[in-house]
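Peer 1: Mind having a look at this structure? Questions to follow.
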Amino acid sequence: MFRVFIDHESGVGLQDCQRLSERLGVILDVEDPIESSYTLEVSSPGLDRPLFSEKDYQRFAGRLARIKTREPLDGRRHFRGRLVGVEEDSVVLESREERVSIPFPVIESGRLEVELFAPPPEKVKPKPAARRKS
């Protein structure tokens, strides 16, 4: 398996992956750098993309994320909340219960959470009742 992940500030679509797969496939066929048979896979990091750098945590401020630490902070290693951003050498997460600052050196892994957006119940307008003809 030969996997290539592509990303862009404005997002990546299926056509982007297809276009790169076709171009890269031609280059790999001509250059033939891999001696055995393989499958080429081109994709984006996805909605639940991993977060690696300070830039990632800044870029996705406002999004829901899950962070796992190498060592316990206040007795826990798993944190989930909205990314506030980066302050000094720490990622700031906020949940309903707390606001926590997690130093970069203790972060083992970080990942965005998939969010499905729905309007709040009070903003959903009921459908009008069907009228019957008499």
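Letters for chains follow the order of the structure tokens (A, B, ...), residue numbers begin at 1 for each chain, and ligand numbers begin at 1 in the order shown.
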Just list as a PyMOL selection string whatever in chain A DSSP marks as alpha helix (DSSP H).

Peer 2: chain A and resi 14-31+54-59

Peer 1: What are the closest atom pairs, with distances in Å to one decimal, for each residue of stretch 28-111 of chain A lying within 8 Å of stretch 1-12 of chain A, using only C-alpha atoms, rows by chain and rising residue number, as CSV?

Peer 2:
```
residue,atom,partner,partner_atom,distance
A:Tyr38,CA,A:Met1,CA,5.3
A:Thr39,CA,A:Met1,CA,4.8
A:Leu40,CA,A:Phe2,CA,4.9
A:Glu41,CA,A:Arg3,CA,4.8
A:Val42,CA,A:Val4,CA,4.8
A:Ser43,CA,A:Phe5,CA,5.0
A:Ser44,CA,A:Ile6,CA,5.1
A:Pro45,CA,A:Phe5,CA,6.3
```

Peer 1: If you run DSSP on the backbone here, which positions in stretch 18-120 of chain A get strand (DSSP E)? Please write them as an MDAnalysis selection string.

Peer 2: chainID A and resid 40:43 50:51 64:73 76:87 90:94 99:103 107:112

Peer 1: With N, CA and C atoms kept, could you save the residues just selected as a compact mmCIF listing (two decimals), in the first residue's frame?

Peer 2:
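Heads up, here's the output in result-v7.txt:
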```
# COMPACT_ATOMS: atom_id res chain seq x y z
N LEU A 40 -2.04 2.31 -4.88
CA LEU A 40 -1.88 3.73 -4.59
C LEU A 40 -3.19 4.24 -3.99
N GLU A 41 -3.06 4.92 -2.86
CA GLU A 41 -4.23 5.49 -2.19
C GLU A 41 -3.95 6.96 -1.90
N VAL A 42 -4.79 7.85 -2.43
CA VAL A 42 -4.65 9.28 -2.17
C VAL A 42 -5.91 9.73 -1.44
N SER A 43 -5.72 10.38 -0.28
CA SER A 43 -6.88 10.84 0.47
C SER A 43 -6.53 12.06 1.31
N PRO A 50 -5.85 14.00 12.49
CA PRO A 50 -4.91 14.14 13.60
C PRO A 50 -4.34 15.56 13.63
N LEU A 51 -3.98 16.01 14.80
CA LEU A 51 -3.36 17.32 14.99
C LEU A 51 -1.93 17.08 15.45
N LEU A 64 -14.13 21.10 17.86
CA LEU A 64 -14.11 20.13 18.95
C LEU A 64 -12.94 19.18 18.73
N ALA A 65 -12.19 18.89 19.82
CA ALA A 65 -11.01 18.03 19.70
C ALA A 65 -10.88 17.13 20.92
N ARG A 66 -10.08 16.09 20.74
CA ARG A 66 -9.76 15.14 21.80
C ARG A 66 -8.24 15.08 21.88
N ILE A 67 -7.71 15.23 23.10
CA ILE A 67 -6.26 15.19 23.30
C ILE A 67 -5.93 14.16 24.37
N LYS A 68 -4.88 13.37 24.08
CA LYS A 68 -4.38 12.37 25.03
C LYS A 68 -2.97 12.81 25.43
N THR A 69 -2.68 12.77 26.73
CA THR A 69 -1.36 13.18 27.22
C THR A 69 -0.50 11.98 27.57
N ARG A 70 0.81 12.18 27.56
CA ARG A 70 1.77 11.12 27.91
C ARG A 70 1.74 10.82 29.41
N GLU A 71 1.44 11.83 30.18
CA GLU A 71 1.39 11.70 31.63
C GLU A 71 0.14 12.40 32.15
N PRO A 72 -0.36 11.99 33.29
CA PRO A 72 -1.58 12.59 33.82
C PRO A 72 -1.42 14.08 34.16
N LEU A 73 -2.44 14.84 33.87
CA LEU A 73 -2.55 16.24 34.29
C LEU A 73 -3.78 16.30 35.19
N ARG A 76 -5.71 12.97 35.10
CA ARG A 76 -6.28 12.39 33.88
C ARG A 76 -5.38 12.58 32.67
N ARG A 77 -5.61 11.72 31.69
CA ARG A 77 -4.81 11.76 30.46
C ARG A 77 -5.64 12.04 29.22
N HIS A 78 -6.96 12.01 29.34
CA HIS A 78 -7.85 12.21 28.19
C HIS A 78 -8.66 13.49 28.38
N PHE A 79 -8.63 14.36 27.36
CA PHE A 79 -9.33 15.63 27.43
C PHE A 79 -10.13 15.82 26.15
N ARG A 80 -11.32 16.38 26.30
CA ARG A 80 -12.18 16.64 25.15
C ARG A 80 -12.81 18.01 25.35
N GLY A 81 -12.78 18.82 24.32
CA GLY A 81 -13.37 20.15 24.41
C GLY A 81 -13.14 20.94 23.14
N ARG A 82 -13.55 22.18 23.17
CA ARG A 82 -13.40 23.07 22.03
C ARG A 82 -12.01 23.70 22.09
N LEU A 83 -11.31 23.67 20.94
CA LEU A 83 -9.98 24.27 20.88
C LEU A 83 -10.12 25.79 20.96
N VAL A 84 -9.49 26.37 21.96
CA VAL A 84 -9.49 27.82 22.09
C VAL A 84 -8.33 28.38 21.29
N GLY A 85 -7.21 27.67 21.30
CA GLY A 85 -6.04 28.09 20.56
C GLY A 85 -4.77 27.69 21.29
N VAL A 86 -3.71 28.46 21.04
CA VAL A 86 -2.41 28.17 21.63
C VAL A 86 -1.99 29.39 22.43
N GLU A 87 -1.60 29.16 23.67
CA GLU A 87 -1.07 30.21 24.53
C GLU A 87 0.27 29.75 25.08
N SER A 90 1.36 25.91 25.15
CA SER A 90 0.27 25.02 25.54
C SER A 90 -0.95 25.18 24.63
N VAL A 91 -1.69 24.08 24.51
CA VAL A 91 -2.96 24.09 23.80
C VAL A 91 -4.04 24.35 24.84
N VAL A 92 -4.97 25.23 24.52
CA VAL A 92 -6.04 25.54 25.45
C VAL A 92 -7.33 24.92 24.92
N LEU A 93 -7.95 24.09 25.77
CA LEU A 93 -9.22 23.42 25.47
C LEU A 93 -10.27 23.92 26.45
N GLU A 94 -11.50 24.06 25.96
CA GLU A 94 -12.56 24.52 26.84
C GLU A 94 -13.77 23.60 26.68
N ARG A 99 -11.74 24.91 31.65
CA ARG A 99 -10.81 25.41 30.63
C ARG A 99 -9.45 24.88 31.07
N VAL A 100 -8.80 24.13 30.19
CA VAL A 100 -7.54 23.49 30.57
C VAL A 100 -6.44 23.87 29.58
N SER A 101 -5.23 24.03 30.10
CA SER A 101 -4.07 24.35 29.32
C SER A 101 -3.15 23.12 29.33
N ILE A 102 -2.87 22.58 28.13
CA ILE A 102 -2.09 21.35 28.02
C ILE A 102 -0.76 21.66 27.33
N PRO A 103 0.36 21.52 28.04
CA PRO A 103 1.67 21.81 27.45
C PRO A 103 1.98 20.87 26.28
N ILE A 107 1.71 16.28 25.23
CA ILE A 107 0.67 15.78 24.33
C ILE A 107 1.17 14.55 23.60
N GLU A 108 0.46 13.44 23.77
CA GLU A 108 0.78 12.21 23.05
C GLU A 108 0.11 12.22 21.69
N SER A 109 -1.17 12.61 21.66
CA SER A 109 -1.90 12.69 20.40
C SER A 109 -3.07 13.65 20.52
N GLY A 110 -3.43 14.23 19.39
CA GLY A 110 -4.57 15.11 19.32
C GLY A 110 -5.33 14.83 18.03
N ARG A 111 -6.62 14.97 18.08
CA ARG A 111 -7.44 14.65 16.91
C ARG A 111 -8.72 15.47 16.96
N LEU A 112 -9.17 15.95 15.80
CA LEU A 112 -10.45 16.63 15.73
C LEU A 112 -11.57 15.62 15.92
```

Peer 1: Suppose you want the space between atom CA of A:Leu47 and atom CA of A:Glu113; what is it in Å?

Peer 2: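 Going from atom CA of A:Leu47 over to atom CA of A:Glu113 covers 7.2 Å.
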
Peer 1: Between atom CA of A:Gly46 and atom CA of A:Asp89, measure the distance and give it in Å to one decimal.

Peer 2: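 Here the two named atoms are 26.3 Å from each other.
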